[in-house]
Each structure stands twice: as structure tokens, then as C-alpha cells.
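Visitor: What follows is my_file-v4.cif; its format and atoms are mmCIF, C-alpha atoms and all ligand atoms.
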```
data_run
loop_
_atom_site.label_atom_id
_atom_site.label_comp_id
_atom_site.auth_asym_id
_atom_site.auth_seq_id
_atom_site.Cartn_x
_atom_site.Cartn_y
_atom_site.Cartn_z
CA MET A 13 0.00 0.00 0.00
CA HIS A 14 1.05 3.60 -0.43
CA ILE A 15 0.93 5.85 2.64
CA LEU A 16 1.19 9.63 2.93
CA ILE A 17 2.72 10.82 6.22
CA ILE A 18 1.79 14.41 7.00
CA ASN A 19 3.37 16.49 9.77
CA GLY A 20 1.95 19.83 10.82
CA PRO A 21 3.30 23.01 12.38
CA ASN A 22 6.56 23.10 14.32
CA LEU A 23 7.37 19.49 13.62
CA ASN A 24 10.11 20.69 11.25
CA LEU A 25 11.89 21.74 14.46
CA LEU A 26 12.08 18.19 15.83
CA GLY A 27 15.49 17.46 17.28
CA THR A 28 15.87 20.89 18.85
CA ARG A 29 12.26 21.63 19.84
CA GLU A 30 11.64 20.81 23.53
CA PRO A 31 13.55 17.50 23.24
CA GLU A 32 12.45 16.49 26.75
CA ILE A 33 8.91 16.27 25.33
CA TYR A 34 9.40 15.43 21.65
CA GLY A 35 12.72 13.55 21.67
CA SER A 36 16.06 14.33 20.08
CA ALA A 37 15.49 12.75 16.64
CA THR A 38 15.03 15.14 13.73
CA LEU A 39 12.18 14.83 11.23
CA ARG A 40 14.77 13.57 8.72
CA ASP A 41 15.84 10.83 11.20
CA LEU A 42 12.24 9.77 11.66
CA GLU A 43 11.60 9.76 7.90
CA SER A 44 14.35 7.23 7.24
CA ASP A 45 12.81 4.92 9.88
CA TRP A 46 9.39 5.22 8.21
CA VAL A 47 10.81 4.37 4.79
CA ARG A 48 12.54 1.25 6.16
CA HIS A 49 9.51 0.15 8.17
CA ALA A 50 7.08 0.66 5.29
CA GLN A 51 9.39 -1.34 3.02
CA ASP A 52 9.39 -4.20 5.56
CA ARG A 53 5.61 -4.15 5.31
CA GLY A 54 5.64 -4.21 1.51
CA SER A 55 4.47 -0.60 1.46
CA SER A 56 5.81 2.76 0.33
CA ILE A 57 5.52 6.28 1.75
CA ASP A 58 5.49 9.91 0.78
CA THR A 59 6.08 12.59 3.38
CA PHE A 60 4.84 16.15 3.70
CA GLN A 61 5.40 18.81 6.36
CA SER A 62 3.93 22.27 6.55
CA ASN A 63 3.35 24.97 9.11
CA HIS A 64 0.23 26.15 7.24
CA GLU A 65 -3.27 24.77 7.65
CA GLY A 66 -4.29 25.37 4.02
CA ALA A 67 -1.19 23.61 2.69
CA ILE A 68 -1.99 20.57 4.85
CA ILE A 69 -5.54 20.55 3.48
CA ASP A 70 -4.20 20.73 -0.09
CA ALA A 71 -1.89 17.79 0.64
CA ILE A 72 -4.85 15.75 1.93
CA HIS A 73 -6.84 16.59 -1.22
CA GLY A 74 -3.83 15.69 -3.36
CA ALA A 75 -3.72 12.22 -1.78
CA ARG A 76 -6.95 11.24 -3.55
CA GLY A 77 -6.26 8.43 -5.98
CA VAL A 78 -2.60 8.40 -4.89
CA ALA A 79 -2.44 7.23 -1.26
CA ASP A 80 -4.29 4.26 0.27
CA GLY A 81 -3.77 5.59 3.77
CA ILE A 82 -2.71 8.73 5.64
CA VAL A 83 -0.71 9.07 8.85
CA ILE A 84 -1.07 12.58 10.24
CA ASN A 85 0.46 14.46 13.15
CA PRO A 86 -1.42 17.76 12.85
CA GLY A 87 0.65 19.43 15.62
CA ALA A 88 -1.32 22.14 17.40
CA TYR A 89 -3.93 22.17 14.59
CA THR A 90 -5.14 18.94 16.21
CA HIS A 91 -6.81 21.02 18.88
CA THR A 92 -8.11 23.93 16.79
CA SER A 93 -8.74 22.95 13.18
CA ARG A 94 -12.13 21.84 11.91
CA ALA A 95 -11.00 22.16 8.30
CA ILE A 96 -8.35 19.40 8.54
CA PRO A 97 -10.80 16.74 9.79
CA ASP A 98 -13.29 17.93 7.17
CA ALA A 99 -10.65 17.37 4.49
CA ILE A 100 -9.90 13.86 5.80
CA ALA A 101 -13.61 13.01 5.84
CA GLY A 102 -13.96 14.60 2.40
CA VAL A 103 -11.35 12.44 0.70
CA GLY A 104 -12.40 9.30 2.58
CA ILE A 105 -8.86 7.91 2.85
CA PRO A 106 -8.27 5.71 5.96
CA THR A 107 -6.29 7.88 8.38
CA VAL A 108 -4.39 7.30 11.61
CA GLU A 109 -3.59 10.25 13.89
CA VAL A 110 -0.23 10.28 15.70
CA HIS A 111 1.32 12.41 18.43
CA LEU A 112 4.79 12.00 19.84
CA SER A 113 3.78 13.21 23.29
CA ASP A 114 1.02 11.96 25.59
CA ILE A 115 -1.54 14.64 24.71
CA MET A 116 -4.05 13.11 27.12
CA ASN A 117 -1.81 13.88 30.10
CA ARG A 118 -0.50 17.37 29.36
CA GLU A 119 -2.37 20.68 29.39
CA PRO A 120 -6.14 19.94 29.28
CA TRP A 121 -6.56 21.73 25.91
CA ARG A 122 -4.23 19.23 24.27
CA ALA A 123 -6.55 16.35 25.17
CA ILE A 124 -9.08 17.66 22.65
CA SER A 125 -8.57 16.36 19.12
CA HIS A 126 -11.02 17.06 16.32
CA VAL A 127 -8.95 14.85 14.03
CA ALA A 128 -9.64 11.83 16.27
CA GLU A 129 -13.27 11.92 15.11
CA VAL A 130 -12.25 11.00 11.55
CA SER A 131 -9.32 8.69 12.35
CA LEU A 132 -9.25 4.90 12.57
CA THR A 133 -7.26 5.31 15.75
CA THR A 134 -5.20 7.91 17.61
CA ILE A 135 -1.72 6.97 18.81
CA HIS A 136 -0.02 9.22 21.35
CA GLY A 137 2.70 9.18 23.96
CA ARG A 138 4.90 6.54 22.31
CA GLY A 139 7.45 8.92 20.81
CA ALA A 140 8.81 7.99 17.39
CA THR A 141 7.49 4.41 17.70
CA GLY A 142 3.98 5.81 17.31
CA TYR A 143 4.54 6.50 13.60
CA LEU A 144 5.64 2.89 13.01
CA ASN A 145 2.59 1.65 14.91
CA ALA A 146 0.43 3.93 12.73
CA ILE A 147 1.86 2.42 9.54
CA ASP A 148 1.07 -1.05 10.95
CA ALA A 149 -2.50 -0.07 11.82
CA LEU A 150 -3.08 1.08 8.24
CA VAL A 151 -1.52 -2.07 6.77
CA ALA A 152 -3.72 -4.24 9.03
CA HIS A 153 -6.78 -2.22 8.02
CA THR A 154 -6.01 -2.91 4.38
CA ILE A 155 -5.59 -6.66 4.96
CA ALA A 156 -8.67 -7.07 7.16
CA PRO A 157 -10.78 -4.07 8.16
CA ALA A 158 -12.50 -4.26 11.54
CA THR A 159 -15.89 -3.24 12.85
CA LEU A 160 -16.08 -1.53 16.21
CA HIS A 161 -18.36 -3.04 18.88
CA HIS A 162 -19.11 -2.19 22.51
CA TYR A 163 -19.01 -5.12 24.91
CA GLY A 164 -19.98 -2.93 27.86
CA GLU A 165 -21.42 0.47 28.64
CA GLU A 166 -18.21 2.29 29.51
CA ASP A 167 -16.44 4.24 26.76
CA HIS A 168 -13.30 2.10 26.90
CA GLN A 169 -15.21 -1.21 26.70
CA VAL A 170 -14.80 -1.58 22.95
CA ALA A 171 -13.43 -4.21 20.60
CA ASP A 172 -12.44 -4.42 16.94
CA VAL A 173 -14.08 -7.48 15.45
CA ARG A 174 -12.78 -9.16 12.30
CA VAL A 175 -14.46 -12.19 10.74
CA PRO A 176 -13.01 -14.08 7.75
CA GLU A 177 -15.25 -14.28 4.70
CA GLY A 178 -16.72 -17.57 3.55
CA ILE A 179 -16.13 -19.54 6.74
CA GLU A 180 -19.14 -20.54 8.80
CA ALA A 181 -18.74 -20.03 12.55
CA PRO A 182 -14.91 -19.84 12.72
CA PRO A 183 -13.11 -20.12 16.07
CA VAL A 184 -12.24 -16.79 17.64
CA ALA A 185 -9.07 -15.28 19.09
CA VAL A 186 -9.77 -12.68 21.77
CA LEU A 187 -6.74 -10.39 21.96
CA ILE A 188 -5.47 -8.45 25.01
CA HIS A 189 -2.78 -5.88 24.22
CA GLY A 190 0.18 -5.05 26.43
CA GLY A 191 1.95 -1.84 27.44
CA TYR A 192 2.45 -2.17 31.20
CA TRP A 193 -1.13 -1.05 31.74
CA ARG A 194 -0.12 2.45 30.64
CA SER A 195 -2.97 4.36 29.02
CA TYR A 196 -1.10 5.27 25.83
CA TRP A 197 -0.63 1.67 24.74
CA LYS A 198 -3.72 0.44 22.96
CA ARG A 199 -5.09 -2.44 20.93
CA ASP A 200 -3.63 -1.18 17.63
CA THR A 201 -0.41 -3.01 18.64
CA LEU A 202 -2.22 -6.31 17.94
CA ASP A 203 -3.91 -5.23 14.68
CA LEU A 204 -1.34 -6.93 12.44
CA MET A 205 -1.61 -10.15 14.46
CA ALA A 206 -5.41 -9.93 14.16
CA ALA A 207 -5.20 -9.47 10.38
CA ALA A 208 -2.83 -12.47 10.09
CA LEU A 209 -5.21 -14.65 12.10
CA VAL A 210 -8.12 -13.66 9.86
CA LYS A 211 -6.05 -14.76 6.86
CA GLU A 212 -5.68 -18.12 8.63
CA GLY A 213 -9.47 -18.42 8.90
CA MET A 214 -10.00 -17.23 12.48
CA ALA A 215 -12.26 -14.49 13.75
CA THR A 216 -10.62 -11.97 16.07
CA VAL A 217 -11.89 -9.68 18.82
CA ASN A 218 -9.19 -7.16 19.68
CA LEU A 219 -10.04 -5.64 23.07
CA GLU A 220 -9.64 -2.33 24.77
CA TYR A 221 -9.87 -2.70 28.55
CA ALA A 222 -9.23 -0.71 31.72
CA VAL A 223 -5.60 0.45 31.78
CA GLY A 224 -3.85 3.36 33.48
CA GLY A 225 -3.50 3.93 37.22
CA ASP A 226 -5.56 1.85 39.65
CA SER A 227 -7.07 -0.36 36.96
CA TYR A 228 -6.94 -3.64 38.89
CA PRO A 229 -9.25 -5.59 39.13
CA ALA A 230 -11.21 -3.67 36.46
CA ALA A 231 -8.82 -4.89 33.74
CA ILE A 232 -9.57 -8.53 34.58
CA GLU A 233 -13.30 -7.89 34.93
CA ASP A 234 -13.39 -6.11 31.55
CA VAL A 235 -11.80 -9.09 29.79
CA GLU A 236 -14.24 -11.46 31.52
CA ALA A 237 -17.15 -9.24 30.45
CA ALA A 238 -15.82 -9.24 26.88
CA LEU A 239 -15.56 -13.05 26.90
CA ALA A 240 -19.16 -13.34 28.10
CA TRP A 241 -20.20 -10.92 25.34
CA VAL A 242 -18.36 -12.93 22.67
CA THR A 243 -20.00 -16.15 23.88
CA SER A 244 -23.50 -14.67 23.90
CA HIS A 245 -23.10 -12.77 20.58
CA GLY A 246 -21.35 -15.50 18.57
CA ASP A 247 -24.23 -16.06 16.13
CA GLU A 248 -24.77 -12.36 15.57
CA LEU A 249 -21.04 -11.79 14.96
CA GLY A 250 -20.74 -14.87 12.70
CA LEU A 251 -18.22 -16.76 14.85
CA ASP A 252 -18.12 -19.74 17.21
CA GLY A 253 -18.41 -18.16 20.65
CA SER A 254 -17.80 -21.54 22.29
CA ASP A 255 -14.31 -21.90 20.79
CA ILE A 256 -12.29 -19.03 22.24
CA ARG A 257 -8.51 -18.73 22.25
CA LEU A 258 -7.52 -15.96 24.66
CA VAL A 259 -4.30 -14.25 23.63
CA GLY A 260 -2.41 -11.67 25.69
CA HIS A 261 0.87 -9.86 25.08
CA SER A 262 3.12 -8.56 27.87
CA ALA A 263 0.90 -6.95 30.56
CA GLY A 264 -2.02 -8.35 28.55
CA GLY A 265 -0.37 -11.75 28.97
CA TYR A 266 -0.66 -11.30 32.72
CA VAL A 267 -4.38 -10.53 32.30
CA ALA A 268 -4.84 -13.61 30.09
CA LEU A 269 -3.14 -15.86 32.68
CA LYS A 270 -5.22 -14.36 35.48
CA VAL A 271 -8.39 -15.14 33.52
CA ALA A 272 -7.05 -18.67 32.82
CA GLU A 273 -6.77 -19.21 36.57
CA ARG A 274 -10.46 -18.31 36.96
CA SER A 275 -12.08 -19.89 33.87
CA ALA A 276 -12.20 -23.42 32.52
CA ASP A 277 -14.19 -22.38 29.44
CA LEU A 278 -11.38 -21.36 27.11
CA THR A 279 -10.10 -23.61 24.34
CA ARG A 280 -6.61 -22.29 24.98
CA VAL A 281 -4.76 -19.33 26.47
CA VAL A 282 -1.69 -18.08 24.63
CA ALA A 283 0.41 -15.74 26.76
CA ILE A 284 3.06 -13.94 24.70
CA ALA A 285 6.02 -12.52 26.66
CA PRO A 286 3.77 -12.21 29.70
CA VAL A 287 4.43 -10.36 32.93
CA THR A 288 3.84 -13.08 35.53
CA ASP A 289 5.72 -12.25 38.72
CA ILE A 290 4.26 -8.90 39.73
CA ASP A 291 6.55 -8.71 42.78
CA ALA A 292 9.53 -8.57 40.41
CA VAL A 293 8.19 -5.56 38.52
CA PRO A 294 9.01 -2.72 40.98
CA GLY A 295 12.62 -1.76 40.29
CA GLN A 296 12.86 -3.99 37.23
CA PHE A 297 12.14 -1.33 34.64
CA GLY A 298 14.11 1.72 35.66
CA GLU A 299 11.81 4.68 35.94
CA GLY A 300 8.39 4.23 37.47
CA ASP A 301 6.72 1.16 38.87
CA PRO A 302 3.96 0.00 36.55
CA ALA A 303 2.77 -2.75 38.90
CA SER A 304 2.12 -0.33 41.78
CA ALA A 305 0.46 2.08 39.36
CA PHE A 306 -1.81 -0.72 38.04
CA LEU A 307 -2.66 -1.87 41.58
CA GLY A 308 -3.30 1.66 42.87
CA GLY A 309 -0.41 1.60 45.36
CA THR A 310 2.68 -0.25 46.53
CA GLU A 311 2.41 -3.60 48.25
CA ALA A 312 2.65 -1.85 51.63
CA GLU A 313 -0.21 0.50 50.67
CA ARG A 314 -2.53 -2.06 49.02
CA PRO A 315 -1.63 -5.49 50.46
CA ASP A 316 -5.03 -7.07 49.72
CA ASP A 317 -4.99 -6.06 46.05
CA TRP A 318 -1.42 -7.30 45.65
CA SER A 319 -2.34 -10.58 47.25
CA SER A 320 -5.37 -11.16 45.02
CA ALA A 321 -3.49 -9.98 41.92
CA ARG A 322 -0.63 -12.50 42.22
CA LEU A 323 -0.67 -15.38 39.78
CA VAL A 324 -0.43 -18.76 41.44
CA GLY A 325 0.21 -21.18 38.57
CA THR A 326 -3.06 -23.13 38.58
CA PRO A 327 -4.70 -22.44 35.20
CA GLN A 328 -8.15 -23.96 34.66
CA SER A 329 -7.82 -23.79 30.84
CA PRO A 330 -4.89 -25.07 28.73
CA VAL A 331 -2.02 -22.54 28.59
CA VAL A 332 0.79 -21.93 26.11
CA ILE A 333 3.51 -19.40 27.00
CA VAL A 334 5.77 -18.04 24.27
CA HIS A 335 8.71 -15.83 25.33
CA GLY A 336 11.76 -14.52 23.51
CA SER A 337 15.15 -15.31 25.08
CA GLU A 338 16.42 -11.79 24.27
CA ASP A 339 13.41 -9.92 25.65
CA THR A 340 14.69 -6.89 27.58
CA ASP A 341 11.25 -5.33 28.12
CA VAL A 342 9.87 -8.32 30.02
CA PRO A 343 12.72 -10.76 30.73
CA ASP A 344 11.88 -14.41 30.01
CA ALA A 345 12.47 -15.06 33.73
CA HIS A 346 8.77 -14.12 33.97
CA ALA A 347 7.77 -17.05 31.78
CA ARG A 348 10.06 -19.39 33.71
CA TRP A 349 8.63 -18.19 37.03
CA TYR A 350 5.16 -19.25 35.89
CA VAL A 351 6.28 -22.51 34.29
CA GLU A 352 8.05 -23.52 37.53
CA ARG A 353 4.76 -23.17 39.39
CA ALA A 354 2.36 -24.56 36.79
CA GLU A 355 4.68 -27.33 35.52
CA ASP A 356 2.75 -29.69 33.22
CA ALA A 357 -0.26 -27.37 33.04
CA VAL A 358 1.70 -25.13 30.66
CA HIS A 359 3.35 -25.66 27.31
CA PHE A 360 6.37 -23.32 27.23
CA GLU A 361 8.15 -22.22 24.09
CA ASP A 362 11.31 -20.18 24.55
CA ILE A 363 12.09 -18.46 21.25
CA GLU A 364 15.85 -18.23 20.88
CA GLY A 365 17.02 -14.75 19.94
CA SER A 366 13.61 -13.10 19.95
CA GLU A 367 12.93 -9.74 21.64
CA HIS A 368 9.66 -8.40 23.05
CA PHE A 369 7.74 -7.31 19.96
CA ALA A 370 8.80 -9.90 17.35
CA PRO A 371 6.29 -12.48 18.66
CA ILE A 372 3.36 -10.12 17.93
CA ASP A 373 4.67 -9.32 14.45
CA PRO A 374 3.26 -12.10 12.25
CA THR A 375 5.89 -11.45 9.56
CA THR A 376 8.72 -12.65 11.86
CA GLU A 377 9.63 -16.24 12.68
CA ALA A 378 8.58 -15.71 16.29
CA GLY A 379 5.25 -14.25 15.15
CA ALA A 380 4.61 -17.23 12.88
CA ILE A 381 5.19 -19.55 15.85
CA VAL A 382 2.62 -17.58 17.85
CA VAL A 383 0.07 -17.69 15.00
CA GLY A 384 0.59 -21.47 14.92
CA HIS A 385 -0.18 -21.81 18.65
CA ILE A 386 -3.30 -19.67 18.39
CA THR A 387 -4.75 -21.42 15.33
CA ALA A 388 -3.75 -25.01 16.35
C1 LIG A 401 2.06 17.06 19.08
C2 LIG A 401 1.22 17.49 20.27
C3 LIG A 401 0.56 18.83 20.02
O1 LIG A 401 -0.21 19.21 21.16
C4 LIG A 401 1.62 19.89 19.79
O2 LIG A 401 1.01 21.11 19.52
C5 LIG A 401 2.58 19.50 18.73
C6 LIG A 401 3.07 18.13 18.69
C7 LIG A 401 2.85 15.77 19.36
O3 LIG A 401 3.32 15.15 18.41
O4 LIG A 401 2.99 15.37 20.52
O5 LIG A 401 3.01 20.32 17.94
O6 LIG A 401 1.20 16.80 17.98
#
```
Please rewrite the model in this file as C-alpha cells.
Ligand code: DQA

Guide:
Amino acid sequence: MHILIINGPNLNLLGTREPEIYGSATLRDLESDWVRHAQDRGSSIDTFQSNHEGAIIDAIHGARGVADGIVINPGAYTHTSRAIPDAIAGVGIPTVEVHLSDIMNREPWRAISHVAEVSLTTIHGRGATGYLNAIDALVAHTIAPATLHHYGEEDHQVADVRVPEGIEAPPVAVLIHGGYWRSYWKRDTLDLMAAALVKEGMATVNLEYAVGGDSYPAAIEDVEAALAWVTSHGDELGLDGSDIRLVGHSAGGYVALKVAERSADLTRVVAIAPVTDIDAVPGQFGEGDPASAFLGGTEAERPDDWSSARLVGTPQSPVVIVHGSEDTDVPDAHARWYVERAEDAVHFEDIEGSEHFAPIDPTTEAGAIVVGHITA
């Protein structure tokens, strides 16, 4: 596919502009990463940067019949322009909005985006990686577009559902994304995996769930509510709601294992590079303590939550754990910790040489192994 990447005002200053917020890479540096990444995905890109609203609108119009997707960081126009989202809606090209910084947790006016209303998804707070994730979201959309459903009444209780054509009642993979329960990591990180599973004849339900501070036990309850929704809406969605493979990556792998310890109804749980030993998390990842944030306090402050949140190694449904030996985000000691406790209840596959994200990228060897475990 061909993608146009548009950057708005002041982004030409990247590298020197408030590097503590926007990073030290220049726009040129980022562009070479996009070219390489798009090539890896069998895609190509054009780039455009302007400090002028009208020029950005002209570039969007010019993408008609040329680009199959747009990635846009509208800079401060995000928060003020109505004409840019109108242009995106007008040309009807699938668009993903990106921001380097976490606009939801800065000045309140930055949390308002008019462009979000016309975007497939909005990615923010992940620095330069966000652009690569945006390219992936567009590629996945081209392979297998999703429909958005609500599995609960709260705004975040949504899921992207994909169902393969021509297969009656296919099994379904319910996907739980990772990101250390931080609010700026979302389900788009599993879009490519979802699209690959659809190509293999599976339906997928890619979940959003409670993340951010103090989101335990809501995160677990959300996934359980989503599973109940999939089971009761199977016919309507065109999938077999009694054949569910629950798949979680990283922090989502922890959630999947927690659900496996409470439910015997799942065909299989596939935990990819999961966090398992929550006591090991404080101090393990440099800055911040994502486990205490997730649990609403340190172990000393919230002993009951910590105690109920610990995994014990007694899954009620069959479990497969896949972990890369070179994972520096979540060391494979986490997988081994769980395997030691669960022993024969778990099938463990240590992928030699793999890091943290390769197993959720279906184009890698590690990703193909994961697809095999989910579809088996
Ligand atoms: C930005 C966030 C905007 O609020 C700001 O005005 C920018 C950059 C970002 O990438 O984080 O110019 O879009």
C-alpha cells in the first residue's frame, strides 16, 4: 500500500524543539525509519510537512487516488482545526492520527482532538514508535478491516471485530494488548496479528480494557465481560463463541493468565512474553513502577490487592507461553517463574534470539510460531 505521512506546524523543528517532550530525533531521522519500516511491510511512503493549515488541506486533497492511507500528526492544529478533519472526511482515505507526546496527560486543551473523530485510531505518547505503529495499523486495516463493537457500557469497553469471509462459525481469538497497563498503549499493537489470524481463517476480537492507574481488578473484569459478550453474541457476529482462544501480550499476557486461573471455558490461552511475577516488577524497569500504578499503590499500601493480583500457577484452561530469550522489556524469567509453578499445566516455548515485539509481528519467525499456537 502507499501511505502519505503528514506532519503539521513546528514538527520541522524536531530534534531541537523541547527535546524532553518530543525527543532528540530530527524529522529527517524519523523519515528514514518510516521508509525502512514501510518497506518491511511491503508498502511505500510519501512525506509532507507544513506549518500552514491550508497547505496541509491541499496535501490531503492531493492524496486522492494516490495514497491508500494517511498518517497525520497535525501538531497544534489537532486542537483547533475543523478544516483538517473535514478534508480527511472529504477524501475518505483511511487515516491514523499520531502524536509524539502523551496529549491526554499534558495541558487539558491538548486532550481535545477534532482529528480523532475522523481517524481509525489515535496513537499518542509513544514517541517515534507511534509513527511505526500507525503504519502497521493502516496495513492491518487494508488486509482485514475491523468493525467496532461495545461489549460494555463504559467508553473504553470496545473491541475491533474481524471475521473471515466464507467460513461458517470460525473459532475466535480474543486479543489483550500489552503496554504495562499504561494508558497510551492500545489495541492497535495487535492489529497486524489480528489481520494475520483472519487470513488463517480465524475471527478476532481485539479488546480495549481498563488500563492506566488503579485499573486492577477492572482490567480482569473487563476481559471477563468481553468473553461473556463474545459467547452470547457468537451467532450475531458470525463466529463460534464456544471456541475461544484468549491471547495476551506482555501486561495483557498477565491478564490472560489471570483469567485462565479463573475460567475453565477457554479452548486455549496463549500468553506472549507475559508479565507473571508482579513482585519482580518494581525496580525492574528503571523509571516508574507500573505494577504499583496498576494496583493503585505499593504492596505496603494495598496489600489485599497485591495478594489477590498475584498469579499462582493453577490455570483452569490449557495454557501456552511463548517468550523470547532476548526480551529486555519483560525478561523471560517471567515465563520461567510461571512454568516452575504450573509445571505440566503449561506448554512453554522459549524463542531463541527473539525480543519483546517480534512475537506479535506475524511477519517474523517468532510471530509465525505464535500464530501457529493460536490457530492449532
Ligand atoms: C504534538 C502534540 C501537540 O499538542 C503539539 O502542539 C505538537 C506536537 C505531538 O506530536 O505530541 O506540535 O502533535

Visitor: Would you list the residues that come within 6 Å of ligand LIG 401 (chain A)? Count only C-alpha atoms and all ligand atoms and give the answer as an MDAnalysis selection string.

Guide: chainID A and resid 22 85:88 111:113 115 122

Visitor: Find the residues near range 61-71 of chain A: any atom within 6 Å, counting all atoms listed in the file, skip ones fewer than 3 places away on the same chain, and give them as a ChimeraX atom specification.

Guide: /A:18-21,74,96

Visitor: Closest to Asn117 in chain A among A:Gly77, A:Glu338, A:Ile33, A:Ser93, using all atoms listed in the file?

Guide: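 Among the listed residues, the smallest separation from Asn117 in chain A belongs to A:Ile33.
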
Visitor: Tell me which protein, DNA and RNA residues are within 9 Å of Leu258 in chain A, counting all atoms listed in the file, leaving out same-chain ones fewer than 5 positions away, and put them as number ranges by chain.

Guide: A: 184-188, 239, 268, 271-272, 278-283, 386

Visitor: Is there a way to get, as a list in words, all residues within 10 Å of the point (10.1, 3.2, 7.6) in file coordinates, counting all atoms listed in the file?

Guide: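 Every residue inside that radius is included here: Leu42, Glu43, Ser44, Asp45, Trp46, Val47, Arg48, His49, Ala50, Gln51, Asp52, Arg53, Ser55, Ser56, Ile57, Tyr143, Leu144 and Ile147 of chain A.
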
Visitor: Within 9 Å of Asp317 in chain A, counting all atoms listed in the file, which residues qualify if same-chain residues fewer than 3 places away don't, as a PyMOL selection string?

Guide: chain A and resi 228-229+307-309+311+314+320-322

Visitor: Which of these, A:Gly27, A:Gly225, A:Gly265, A:Pro106, has the shortest distance to Ser195 in chain A once you count only C-alpha atoms?

Guide: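 Once distances to Ser195 in chain A are computed over only C-alpha atoms, the minimum belongs to A:Gly225.
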
Visitor: Considering all atoms listed in the file, state which residue in the set A:Leu209, A:Ala158, A:Ala140, A:Val223 is at the smallest distance from Leu249 in chain A.

Guide: A:Ala158

Visitor: For Gly164 in chain A, work out the shell of residues within 10 Å, counting only C-alpha atoms and skipping chain neighbours fewer than 4 positions away, then give it as a list in words.

Guide: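 Listing them by chain and then by number gives His168, Gln169, Val170, Ala171, Asp234, Ala237, Ala238 and Trp241 of chain A.
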
Visitor: Just the residues within 9 Å of range 288-296 of chain A, please, counting all atoms listed in the file, with nothing from its chain fewer than 4 positions along; format it as a list in words.

Guide: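 Those residues are Ser262, Ala263, Gly265, Tyr266, Leu269, Gly300, Asp301, Pro302, Ala303, Ser304, Thr310, Glu311, Trp318, Ala321, Arg322, Leu323, Val342, Ala345, His346, Ala347, Trp349 and Tyr350 of chain A.
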
Visitor: So the first atom is CA of Leu16 in chain A and the second is CA of Thr59 in chain A; what is the distance between them in Å, to one decimal place?

Guide: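 Between these atoms lies a distance of 5.7 Å.
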
Visitor: Name the residues, using the chain letters and numbers of the file, that sit within 12 Å of (12.1, -23.1, 33.6) when counting all atoms listed in the file, and give them as a PyMOL selection string.

Guide: chain A and resi 333+335+337+344-356+358-362

Visitor: Compare A:Thr38, A:Thr376, A:Thr90, A:Asn218 by their minimum atom-to-atom distance to His162 in chain A, counting all atoms listed in the file, and give me the closest one.

Guide: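 Using all atoms listed in the file, the shortest distance to His162 in chain A belongs to A:Asn218.
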
Visitor: Between CA of Leu204 in chain A and CA of Thr141 in chain A, what is the spacing in Å?

Guide: 15.3 Å

Visitor: Starting from 4 Å padding per side, set up an axis-aligned box that covers all listed atoms of range 374-385 of chain A and hand over centre and edge lengths in Å, one decimal, as AutoDock Vina command-line options.

Guide:
```
--center_x 4.7 --center_y -16.6 --center_z 14.1 --size_x 17.8 --size_y 18.4 --size_z 17.1
```

Visitor: Using all atoms listed in the file for the distances, tell me which of A:Gly379, A:Pro286, A:Pro176, A:Gly325 is nearest to Asp339 in chain A.

Guide: A:Pro286

Visitor: Rounded to one decimal, what separation in Å do you get between CA of His161 in chain A and CA of Leu219 in chain A?

Guide: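 If I compute the distance from CA of His161 in chain A to CA of Leu219 in chain A, I get 9.7 Å.
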